[in-house]
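Source file upload_15.cif; content: mmCIF, N, CA and C atoms, pLDDT in the B column; chains and numbers go by the auth columns.
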```cif
data_run
loop_
_atom_site.group_PDB
_atom_site.id
_atom_site.type_symbol
_atom_site.label_atom_id
_atom_site.label_comp_id
_atom_site.label_asym_id
_atom_site.label_seq_id
_atom_site.Cartn_x
_atom_site.Cartn_y
_atom_site.Cartn_z
_atom_site.B_iso_or_equiv
_atom_site.auth_seq_id
_atom_site.auth_asym_id
ATOM 1 N N MET A 1 -6.393 15.449 -24.506 72.00 1 A
ATOM 2 C CA MET A 1 -6.791 14.102 -24.155 72.00 1 A
ATOM 3 C C MET A 1 -5.558 13.340 -23.697 72.00 1 A
ATOM 4 N N SER A 2 -5.705 12.591 -22.627 78.00 2 A
ATOM 5 C CA SER A 2 -4.603 11.803 -22.085 78.00 2 A
ATOM 6 C C SER A 2 -4.815 10.326 -22.375 78.00 2 A
ATOM 7 N N ALA A 3 -3.732 9.640 -22.665 86.00 3 A
ATOM 8 C CA ALA A 3 -3.776 8.192 -22.839 86.00 3 A
ATOM 9 C C ALA A 3 -3.134 7.564 -21.610 86.00 3 A
ATOM 10 N N ILE A 4 -3.811 6.605 -21.017 85.00 4 A
ATOM 11 C CA ILE A 4 -3.280 5.927 -19.837 85.00 4 A
ATOM 12 C C ILE A 4 -2.973 4.484 -20.204 85.00 4 A
ATOM 13 N N GLU A 5 -1.749 4.085 -19.929 87.00 5 A
ATOM 14 C CA GLU A 5 -1.324 2.712 -20.168 87.00 5 A
ATOM 15 C C GLU A 5 -0.982 2.081 -18.830 87.00 5 A
ATOM 16 N N PRO A 6 -1.840 1.160 -18.350 87.00 6 A
ATOM 17 C CA PRO A 6 -1.540 0.551 -17.049 87.00 6 A
ATOM 18 C C PRO A 6 -0.650 -0.676 -17.168 87.00 6 A
ATOM 19 N N GLY A 7 0.098 -0.917 -16.114 87.00 7 A
ATOM 20 C CA GLY A 7 0.880 -2.145 -16.001 87.00 7 A
ATOM 21 C C GLY A 7 -0.022 -3.244 -15.456 87.00 7 A
ATOM 22 N N ILE A 8 0.537 -4.083 -14.611 87.00 8 A
ATOM 23 C CA ILE A 8 -0.225 -5.208 -14.067 87.00 8 A
ATOM 24 C C ILE A 8 -1.212 -4.700 -13.024 87.00 8 A
ATOM 25 N N VAL A 9 -2.489 -4.936 -13.303 91.00 9 A
ATOM 26 C CA VAL A 9 -3.560 -4.515 -12.392 91.00 9 A
ATOM 27 C C VAL A 9 -4.327 -5.764 -11.977 91.00 9 A
ATOM 28 N N GLY A 10 -4.539 -5.919 -10.689 89.00 10 A
ATOM 29 C CA GLY A 10 -5.294 -7.065 -10.192 89.00 10 A
ATOM 30 C C GLY A 10 -6.783 -6.896 -10.456 89.00 10 A
ATOM 31 N N THR A 11 -7.305 -7.676 -11.388 87.00 11 A
ATOM 32 C CA THR A 11 -8.741 -7.680 -11.699 87.00 11 A
ATOM 33 C C THR A 11 -9.177 -9.127 -11.930 87.00 11 A
ATOM 34 N N GLU A 12 -10.429 -9.328 -12.214 85.00 12 A
ATOM 35 C CA GLU A 12 -10.914 -10.681 -12.486 85.00 12 A
ATOM 36 C C GLU A 12 -10.458 -11.193 -13.851 85.00 12 A
ATOM 37 N N LEU A 13 -9.883 -10.324 -14.664 81.00 13 A
ATOM 38 C CA LEU A 13 -9.460 -10.742 -16.006 81.00 13 A
ATOM 39 C C LEU A 13 -8.405 -11.841 -15.975 81.00 13 A
ATOM 40 N N GLN A 14 -7.569 -11.865 -14.952 78.00 14 A
ATOM 41 C CA GLN A 14 -6.550 -12.903 -14.867 78.00 14 A
ATOM 42 C C GLN A 14 -7.163 -14.299 -14.793 78.00 14 A
ATOM 43 N N SER A 15 -8.359 -14.409 -14.255 80.00 15 A
ATOM 44 C CA SER A 15 -9.004 -15.721 -14.166 80.00 15 A
ATOM 45 C C SER A 15 -9.534 -16.193 -15.522 80.00 15 A
ATOM 46 N N HIS A 16 -9.474 -15.345 -16.540 85.00 16 A
ATOM 47 C CA HIS A 16 -9.968 -15.702 -17.869 85.00 16 A
ATOM 48 C C HIS A 16 -8.839 -15.932 -18.872 85.00 16 A
ATOM 49 N N VAL A 17 -7.603 -16.010 -18.395 82.00 17 A
ATOM 50 C CA VAL A 17 -6.465 -16.228 -19.288 82.00 17 A
ATOM 51 C C VAL A 17 -6.434 -17.703 -19.680 82.00 17 A
ATOM 52 N N PRO A 18 -6.533 -18.018 -20.981 87.00 18 A
ATOM 53 C CA PRO A 18 -6.606 -19.420 -21.398 87.00 18 A
ATOM 54 C C PRO A 18 -5.231 -20.093 -21.546 87.00 18 A
ATOM 55 N N ASP A 19 -4.164 -19.336 -21.584 89.00 19 A
ATOM 56 C CA ASP A 19 -2.835 -19.885 -21.840 89.00 19 A
ATOM 57 C C ASP A 19 -2.170 -20.323 -20.523 89.00 19 A
ATOM 58 N N ASP A 20 -1.781 -21.604 -20.427 89.00 20 A
ATOM 59 C CA ASP A 20 -1.189 -22.128 -19.199 89.00 20 A
ATOM 60 C C ASP A 20 0.117 -21.433 -18.839 89.00 20 A
ATOM 61 N N GLY A 21 0.955 -21.145 -19.834 91.00 21 A
ATOM 62 C CA GLY A 21 2.214 -20.456 -19.576 91.00 21 A
ATOM 63 C C GLY A 21 1.980 -19.066 -19.021 91.00 21 A
ATOM 64 N N ALA A 22 1.014 -18.373 -19.579 86.00 22 A
ATOM 65 C CA ALA A 22 0.684 -17.030 -19.097 86.00 22 A
ATOM 66 C C ALA A 22 0.123 -17.102 -17.681 86.00 22 A
ATOM 67 N N LEU A 23 -0.706 -18.100 -17.408 85.00 23 A
ATOM 68 C CA LEU A 23 -1.257 -18.260 -16.059 85.00 23 A
ATOM 69 C C LEU A 23 -0.155 -18.526 -15.038 85.00 23 A
ATOM 70 N N GLN A 24 0.835 -19.317 -15.404 89.00 24 A
ATOM 71 C CA GLN A 24 1.954 -19.572 -14.500 89.00 24 A
ATOM 72 C C GLN A 24 2.716 -18.285 -14.236 89.00 24 A
ATOM 73 N N TRP A 25 2.931 -17.479 -15.273 86.00 25 A
ATOM 74 C CA TRP A 25 3.617 -16.203 -15.092 86.00 25 A
ATOM 75 C C TRP A 25 2.814 -15.281 -14.178 86.00 25 A
ATOM 76 N N VAL A 26 1.503 -15.235 -14.398 84.00 26 A
ATOM 77 C CA VAL A 26 0.632 -14.399 -13.577 84.00 26 A
ATOM 78 C C VAL A 26 0.725 -14.827 -12.112 84.00 26 A
ATOM 79 N N ASP A 27 0.614 -16.122 -11.861 84.00 27 A
ATOM 80 C CA ASP A 27 0.681 -16.617 -10.485 84.00 27 A
ATOM 81 C C ASP A 27 2.040 -16.326 -9.855 84.00 27 A
ATOM 82 N N GLY A 28 3.121 -16.505 -10.602 87.00 28 A
ATOM 83 C CA GLY A 28 4.450 -16.238 -10.079 87.00 28 A
ATOM 84 C C GLY A 28 4.696 -14.765 -9.814 87.00 28 A
ATOM 85 N N SER A 29 4.134 -13.918 -10.672 87.00 29 A
ATOM 86 C CA SER A 29 4.359 -12.482 -10.510 87.00 29 A
ATOM 87 C C SER A 29 3.676 -11.940 -9.257 87.00 29 A
ATOM 88 N N LYS A 30 2.614 -12.599 -8.821 85.00 30 A
ATOM 89 C CA LYS A 30 1.914 -12.154 -7.605 85.00 30 A
ATOM 90 C C LYS A 30 2.826 -12.233 -6.384 85.00 30 A
ATOM 91 N N GLU A 31 3.797 -13.132 -6.437 87.00 31 A
ATOM 92 C CA GLU A 31 4.689 -13.306 -5.290 87.00 31 A
ATOM 93 C C GLU A 31 5.848 -12.320 -5.290 87.00 31 A
ATOM 94 N N THR A 32 6.146 -11.713 -6.431 89.00 32 A
ATOM 95 C CA THR A 32 7.302 -10.809 -6.503 89.00 32 A
ATOM 96 C C THR A 32 6.930 -9.363 -6.772 89.00 32 A
ATOM 97 N N ILE A 33 5.710 -9.115 -7.236 90.00 33 A
ATOM 98 C CA ILE A 33 5.277 -7.763 -7.586 90.00 33 A
ATOM 99 C C ILE A 33 3.965 -7.463 -6.871 90.00 33 A
ATOM 100 N N GLU A 34 3.908 -6.316 -6.212 92.00 34 A
ATOM 101 C CA GLU A 34 2.634 -5.866 -5.656 92.00 34 A
ATOM 102 C C GLU A 34 1.856 -5.201 -6.787 92.00 34 A
ATOM 103 N N TRP A 35 0.851 -5.898 -7.290 92.00 35 A
ATOM 104 C CA TRP A 35 0.085 -5.414 -8.432 92.00 35 A
ATOM 105 C C TRP A 35 -0.639 -4.124 -8.100 92.00 35 A
ATOM 106 N N LEU A 36 -0.910 -3.348 -9.147 94.00 36 A
ATOM 107 C CA LEU A 36 -1.768 -2.176 -8.998 94.00 36 A
ATOM 108 C C LEU A 36 -3.189 -2.639 -8.708 94.00 36 A
ATOM 109 N N THR A 37 -3.944 -1.780 -8.078 94.00 37 A
ATOM 110 C CA THR A 37 -5.355 -2.075 -7.827 94.00 37 A
ATOM 111 C C THR A 37 -6.201 -1.210 -8.759 94.00 37 A
ATOM 112 N N PRO A 38 -7.449 -1.603 -8.981 93.00 38 A
ATOM 113 C CA PRO A 38 -8.328 -0.730 -9.756 93.00 38 A
ATOM 114 C C PRO A 38 -8.421 0.668 -9.145 93.00 38 A
ATOM 115 N N GLN A 39 -8.320 0.758 -7.822 95.00 39 A
ATOM 116 C CA GLN A 39 -8.365 2.053 -7.151 95.00 39 A
ATOM 117 C C GLN A 39 -7.148 2.909 -7.520 95.00 39 A
ATOM 118 N N ASP A 40 -5.989 2.273 -7.701 95.00 40 A
ATOM 119 C CA ASP A 40 -4.798 3.015 -8.135 95.00 40 A
ATOM 120 C C ASP A 40 -5.041 3.679 -9.487 95.00 40 A
ATOM 121 N N ILE A 41 -5.651 2.933 -10.388 94.00 41 A
ATOM 122 C CA ILE A 41 -5.934 3.470 -11.726 94.00 41 A
ATOM 123 C C ILE A 41 -6.974 4.580 -11.624 94.00 41 A
ATOM 124 N N ALA A 42 -8.023 4.354 -10.830 95.00 42 A
ATOM 125 C CA ALA A 42 -9.063 5.370 -10.657 95.00 42 A
ATOM 126 C C ALA A 42 -8.495 6.651 -10.060 95.00 42 A
ATOM 127 N N GLN A 43 -7.596 6.527 -9.101 96.00 43 A
ATOM 128 C CA GLN A 43 -6.989 7.709 -8.488 96.00 43 A
ATOM 129 C C GLN A 43 -6.153 8.477 -9.505 96.00 43 A
ATOM 130 N N THR A 44 -5.445 7.763 -10.360 94.00 44 A
ATOM 131 C CA THR A 44 -4.646 8.417 -11.405 94.00 44 A
ATOM 132 C C THR A 44 -5.542 9.142 -12.402 94.00 44 A
ATOM 133 N N ILE A 45 -6.634 8.494 -12.792 94.00 45 A
ATOM 134 C CA ILE A 45 -7.584 9.131 -13.710 94.00 45 A
ATOM 135 C C ILE A 45 -8.180 10.380 -13.054 94.00 45 A
ATOM 136 N N GLY A 46 -8.498 10.284 -11.760 95.00 46 A
ATOM 137 C CA GLY A 46 -9.025 11.445 -11.042 95.00 46 A
ATOM 138 C C GLY A 46 -8.036 12.591 -11.024 95.00 46 A
ATOM 139 N N PHE A 47 -6.754 12.284 -10.824 95.00 47 A
ATOM 140 C CA PHE A 47 -5.718 13.311 -10.849 95.00 47 A
ATOM 141 C C PHE A 47 -5.678 13.992 -12.217 95.00 47 A
ATOM 142 N N ILE A 48 -5.699 13.206 -13.281 94.00 48 A
ATOM 143 C CA ILE A 48 -5.650 13.773 -14.632 94.00 48 A
ATOM 144 C C ILE A 48 -6.879 14.629 -14.904 94.00 48 A
ATOM 145 N N ALA A 49 -8.034 14.159 -14.430 93.00 49 A
ATOM 146 C CA ALA A 49 -9.282 14.898 -14.670 93.00 49 A
ATOM 147 C C ALA A 49 -9.303 16.246 -13.960 93.00 49 A
ATOM 148 N N THR A 50 -8.519 16.395 -12.899 95.00 50 A
ATOM 149 C CA THR A 50 -8.539 17.650 -12.153 95.00 50 A
ATOM 150 C C THR A 50 -7.430 18.615 -12.569 95.00 50 A
ATOM 151 N N LEU A 51 -6.661 18.256 -13.580 95.00 51 A
ATOM 152 C CA LEU A 51 -5.638 19.173 -14.068 95.00 51 A
ATOM 153 C C LEU A 51 -6.293 20.425 -14.639 95.00 51 A
ATOM 154 N N PRO A 52 -5.640 21.563 -14.536 96.00 52 A
ATOM 155 C CA PRO A 52 -6.208 22.770 -15.145 96.00 52 A
ATOM 156 C C PRO A 52 -6.291 22.601 -16.663 96.00 52 A
ATOM 157 N N PRO A 53 -7.231 23.279 -17.305 93.00 53 A
ATOM 158 C CA PRO A 53 -7.419 23.131 -18.751 93.00 53 A
ATOM 159 C C PRO A 53 -6.163 23.451 -19.565 93.00 53 A
ATOM 160 N N ARG A 54 -5.265 24.245 -19.029 95.00 54 A
ATOM 161 C CA ARG A 54 -4.054 24.601 -19.772 95.00 54 A
ATOM 162 C C ARG A 54 -2.971 23.522 -19.685 95.00 54 A
ATOM 163 N N ALA A 55 -3.210 22.491 -18.849 94.00 55 A
ATOM 164 C CA ALA A 55 -2.232 21.409 -18.678 94.00 55 A
ATOM 165 C C ALA A 55 -2.748 20.138 -19.341 94.00 55 A
ATOM 166 N N ASN A 56 -1.846 19.414 -19.973 90.00 56 A
ATOM 167 C CA ASN A 56 -2.229 18.167 -20.636 90.00 56 A
ATOM 168 C C ASN A 56 -1.123 17.148 -20.448 90.00 56 A
ATOM 169 N N LEU A 57 -1.478 16.009 -19.929 89.00 57 A
ATOM 170 C CA LEU A 57 -0.565 14.870 -19.900 89.00 57 A
ATOM 171 C C LEU A 57 -0.950 14.006 -21.092 89.00 57 A
ATOM 172 N N ARG A 58 -0.106 13.978 -22.093 90.00 58 A
ATOM 173 C CA ARG A 58 -0.459 13.250 -23.308 90.00 58 A
ATOM 174 C C ARG A 58 -0.464 11.746 -23.098 90.00 58 A
ATOM 175 N N GLN A 59 0.453 11.265 -22.295 92.00 59 A
ATOM 176 C CA GLN A 59 0.522 9.825 -22.059 92.00 59 A
ATOM 177 C C GLN A 59 0.988 9.578 -20.633 92.00 59 A
ATOM 178 N N VAL A 60 0.314 8.684 -19.959 92.00 60 A
ATOM 179 C CA VAL A 60 0.671 8.329 -18.599 92.00 60 A
ATOM 180 C C VAL A 60 0.823 6.808 -18.560 92.00 60 A
ATOM 181 N N THR A 61 1.976 6.356 -18.121 92.00 61 A
ATOM 182 C CA THR A 61 2.197 4.933 -17.929 92.00 61 A
ATOM 183 C C THR A 61 2.301 4.695 -16.435 92.00 61 A
ATOM 184 N N ILE A 62 1.371 3.936 -15.904 92.00 62 A
ATOM 185 C CA ILE A 62 1.367 3.637 -14.479 92.00 62 A
ATOM 186 C C ILE A 62 1.593 2.135 -14.346 92.00 62 A
ATOM 187 N N MET A 63 2.577 1.789 -13.538 91.00 63 A
ATOM 188 C CA MET A 63 2.892 0.384 -13.356 91.00 63 A
ATOM 189 C C MET A 63 3.429 0.145 -11.954 91.00 63 A
ATOM 190 N N PRO A 64 3.354 -1.090 -11.469 92.00 64 A
ATOM 191 C CA PRO A 64 3.902 -1.386 -10.165 92.00 64 A
ATOM 192 C C PRO A 64 5.398 -1.039 -10.121 92.00 64 A
ATOM 193 N N THR A 65 5.878 -0.638 -8.958 89.00 65 A
ATOM 194 C CA THR A 65 7.260 -0.199 -8.853 89.00 65 A
ATOM 195 C C THR A 65 8.249 -1.313 -9.203 89.00 65 A
ATOM 196 N N ARG A 66 7.897 -2.545 -9.032 84.00 66 A
ATOM 197 C CA ARG A 66 8.839 -3.638 -9.344 84.00 66 A
ATOM 198 C C ARG A 66 8.616 -4.260 -10.713 84.00 66 A
ATOM 199 N N GLN A 67 7.654 -3.772 -11.465 85.00 67 A
ATOM 200 C CA GLN A 67 7.420 -4.325 -12.803 85.00 67 A
ATOM 201 C C GLN A 67 8.454 -3.752 -13.752 85.00 67 A
ATOM 202 N N SER A 68 9.096 -4.635 -14.508 80.00 68 A
ATOM 203 C CA SER A 68 10.077 -4.132 -15.475 80.00 68 A
ATOM 204 C C SER A 68 9.346 -3.482 -16.643 80.00 68 A
ATOM 205 N N SER A 69 10.008 -2.504 -17.226 71.00 69 A
ATOM 206 C CA SER A 69 9.348 -1.758 -18.300 71.00 69 A
ATOM 207 C C SER A 69 9.538 -2.401 -19.644 71.00 69 A
#
```
Translate this file's structure into structure tokens.
Amino acid sequence: MSAIEPGIVGTELQSHVPDDGALQWVDGSKETIEWLTPQDIAQTIGFIATLPPRANLRQVTIMPTRQSS
């Protein structure tokens, strides 16, 4: 079984953030980081699903190239 930990992904969830400081960070990050898309995550899951049964990725962290870790 693989665990996938995504970085910043553009979804409708950002519109539900109640914290003003977090919303400002989200808005600012859009200008400096190209966020992942849901399709990026789906493609990664598809890659993992097609691995041979003898191969296992225990943990996958996918994040935008400019997002700090």
I'd like the residues picked by the PyMOL selection byres (((chain A and resi 32 and name CA) around 12) and name CA) written out as a PDB file with N, CA and C atoms, in the coordinates of the input, using the chain letters and numbers from the file.
```pdb
ATOM      1  N   TRP A  25       2.931 -17.479 -15.273  1.00 86.00           N
ATOM      2  CA  TRP A  25       3.617 -16.203 -15.092  1.00 86.00           C
ATOM      3  C   TRP A  25       2.814 -15.281 -14.178  1.00 86.00           C
ATOM      4  N   VAL A  26       1.503 -15.235 -14.398  1.00 84.00           N
ATOM      5  CA  VAL A  26       0.632 -14.399 -13.577  1.00 84.00           C
ATOM      6  C   VAL A  26       0.725 -14.827 -12.112  1.00 84.00           C
ATOM      7  N   ASP A  27       0.614 -16.122 -11.861  1.00 84.00           N
ATOM      8  CA  ASP A  27       0.681 -16.617 -10.485  1.00 84.00           C
ATOM      9  C   ASP A  27       2.040 -16.326  -9.855  1.00 84.00           C
ATOM     10  N   GLY A  28       3.121 -16.505 -10.602  1.00 87.00           N
ATOM     11  CA  GLY A  28       4.450 -16.238 -10.079  1.00 87.00           C
ATOM     12  C   GLY A  28       4.696 -14.765  -9.814  1.00 87.00           C
ATOM     13  N   SER A  29       4.134 -13.918 -10.672  1.00 87.00           N
ATOM     14  CA  SER A  29       4.359 -12.482 -10.510  1.00 87.00           C
ATOM     15  C   SER A  29       3.676 -11.940  -9.257  1.00 87.00           C
ATOM     16  N   LYS A  30       2.614 -12.599  -8.821  1.00 85.00           N
ATOM     17  CA  LYS A  30       1.914 -12.154  -7.605  1.00 85.00           C
ATOM     18  C   LYS A  30       2.826 -12.233  -6.384  1.00 85.00           C
ATOM     19  N   GLU A  31       3.797 -13.132  -6.437  1.00 87.00           N
ATOM     20  CA  GLU A  31       4.689 -13.306  -5.290  1.00 87.00           C
ATOM     21  C   GLU A  31       5.848 -12.320  -5.290  1.00 87.00           C
ATOM     22  N   ILE A  33       5.710  -9.115  -7.236  1.00 90.00           N
ATOM     23  CA  ILE A  33       5.277  -7.763  -7.586  1.00 90.00           C
ATOM     24  C   ILE A  33       3.965  -7.463  -6.871  1.00 90.00           C
ATOM     25  N   GLU A  34       3.908  -6.316  -6.212  1.00 92.00           N
ATOM     26  CA  GLU A  34       2.634  -5.866  -5.656  1.00 92.00           C
ATOM     27  C   GLU A  34       1.856  -5.201  -6.787  1.00 92.00           C
ATOM     28  N   TRP A  35       0.851  -5.898  -7.290  1.00 92.00           N
ATOM     29  CA  TRP A  35       0.085  -5.414  -8.432  1.00 92.00           C
ATOM     30  C   TRP A  35      -0.639  -4.124  -8.100  1.00 92.00           C
ATOM     31  N   PRO A  64       3.354  -1.090 -11.469  1.00 92.00           N
ATOM     32  CA  PRO A  64       3.902  -1.386 -10.165  1.00 92.00           C
ATOM     33  C   PRO A  64       5.398  -1.039 -10.121  1.00 92.00           C
ATOM     34  N   THR A  65       5.878  -0.638  -8.958  1.00 89.00           N
ATOM     35  CA  THR A  65       7.260  -0.199  -8.853  1.00 89.00           C
ATOM     36  C   THR A  65       8.249  -1.313  -9.203  1.00 89.00           C
ATOM     37  N   ARG A  66       7.897  -2.545  -9.032  1.00 84.00           N
ATOM     38  CA  ARG A  66       8.839  -3.638  -9.344  1.00 84.00           C
ATOM     39  C   ARG A  66       8.616  -4.260 -10.713  1.00 84.00           C
ATOM     40  N   GLN A  67       7.654  -3.772 -11.465  1.00 85.00           N
ATOM     41  CA  GLN A  67       7.420  -4.325 -12.803  1.00 85.00           C
ATOM     42  C   GLN A  67       8.454  -3.752 -13.752  1.00 85.00           C
ATOM     43  N   SER A  68       9.096  -4.635 -14.508  1.00 80.00           N
ATOM     44  CA  SER A  68      10.077  -4.132 -15.475  1.00 80.00           C
ATOM     45  C   SER A  68       9.346  -3.482 -16.643  1.00 80.00           C
TER      46      SER A  68
END
```
Determine the residue set returned by the PyMOL selection byres ((chain A and resi 54-57) around 8) for the present structure, and present it as an MDAnalysis selection string.
-> chainID A and resid 1:4 48 51:53 58:60
What residues in range 32-67 of chain A get the DSSP label helix (DSSP H, G or I)? Please answer as number ranges by chain.
-> A: 32, 38-49
Rounded to one decimal place, report the CA of Thr11 in chain A-CA of Phe47 in chain A distance in Å.
->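 Result for CA of Thr11 in chain A versus CA of Phe47 in chain A: 21.2 Å, one decimal.
Considering the residues A:Thr61, A:Gln24, A:Thr50, A:Thr37 and counting only C-alpha atoms, Gly10 in chain A has its shortest atom-to-atom contact with A:Thr37.
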So which residues get picked by the PyMOL selection byres ((chain A and resi 7) around 5) here, written as a ChimeraX atom specification?
-> /A:5-6,8-9,62-63
Can I get the selected residues back with N, CA and C atoms, as a compact mmCIF listing (two decimals), keeping the file's coordinate frame?
```txt
# COMPACT_ATOMS: atom_id res chain seq x y z
N GLU A 5 -1.75 4.08 -19.93
CA GLU A 5 -1.32 2.71 -20.17
C GLU A 5 -0.98 2.08 -18.83
N PRO A 6 -1.84 1.16 -18.35
CA PRO A 6 -1.54 0.55 -17.05
C PRO A 6 -0.65 -0.68 -17.17
N ILE A 8 0.54 -4.08 -14.61
CA ILE A 8 -0.22 -5.21 -14.07
C ILE A 8 -1.21 -4.70 -13.02
N VAL A 9 -2.49 -4.94 -13.30
CA VAL A 9 -3.56 -4.51 -12.39
C VAL A 9 -4.33 -5.76 -11.98
N ILE A 62 1.37 3.94 -15.90
CA ILE A 62 1.37 3.64 -14.48
C ILE A 62 1.59 2.13 -14.35
N MET A 63 2.58 1.79 -13.54
CA MET A 63 2.89 0.38 -13.36
C MET A 63 3.43 0.14 -11.95
```
Between CA of Glu12 in chain A and CA of Pro38 in chain A, what is the spacing in Å?
-> 10.6 Å
Step one, run DSSP on the backbone; step two, keep only residues of chain A assigned to strand (DSSP E or B); then write them as a VMD selection string.
-> chain A and resid 3 to 6 9 36 59 to 62
With 5 Å of padding per side, what axis-aligned box (centre and edge lengths, Å, one decimal) covers all the listed atoms of range 65-69 of chain A? Give it as JSON.
```
{"center_x": 8.0, "center_y": -2.4, "center_z": -14.2, "size_x": 14.2, "size_y": 14.4, "size_z": 20.8}
```
Atom N of Asp40 in chain A to atom N of Gln14 in chain A: how many Å, to one decimal?
->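 Separation between atom N of Asp40 in chain A and atom N of Gln14 in chain A: 16.0 Å.
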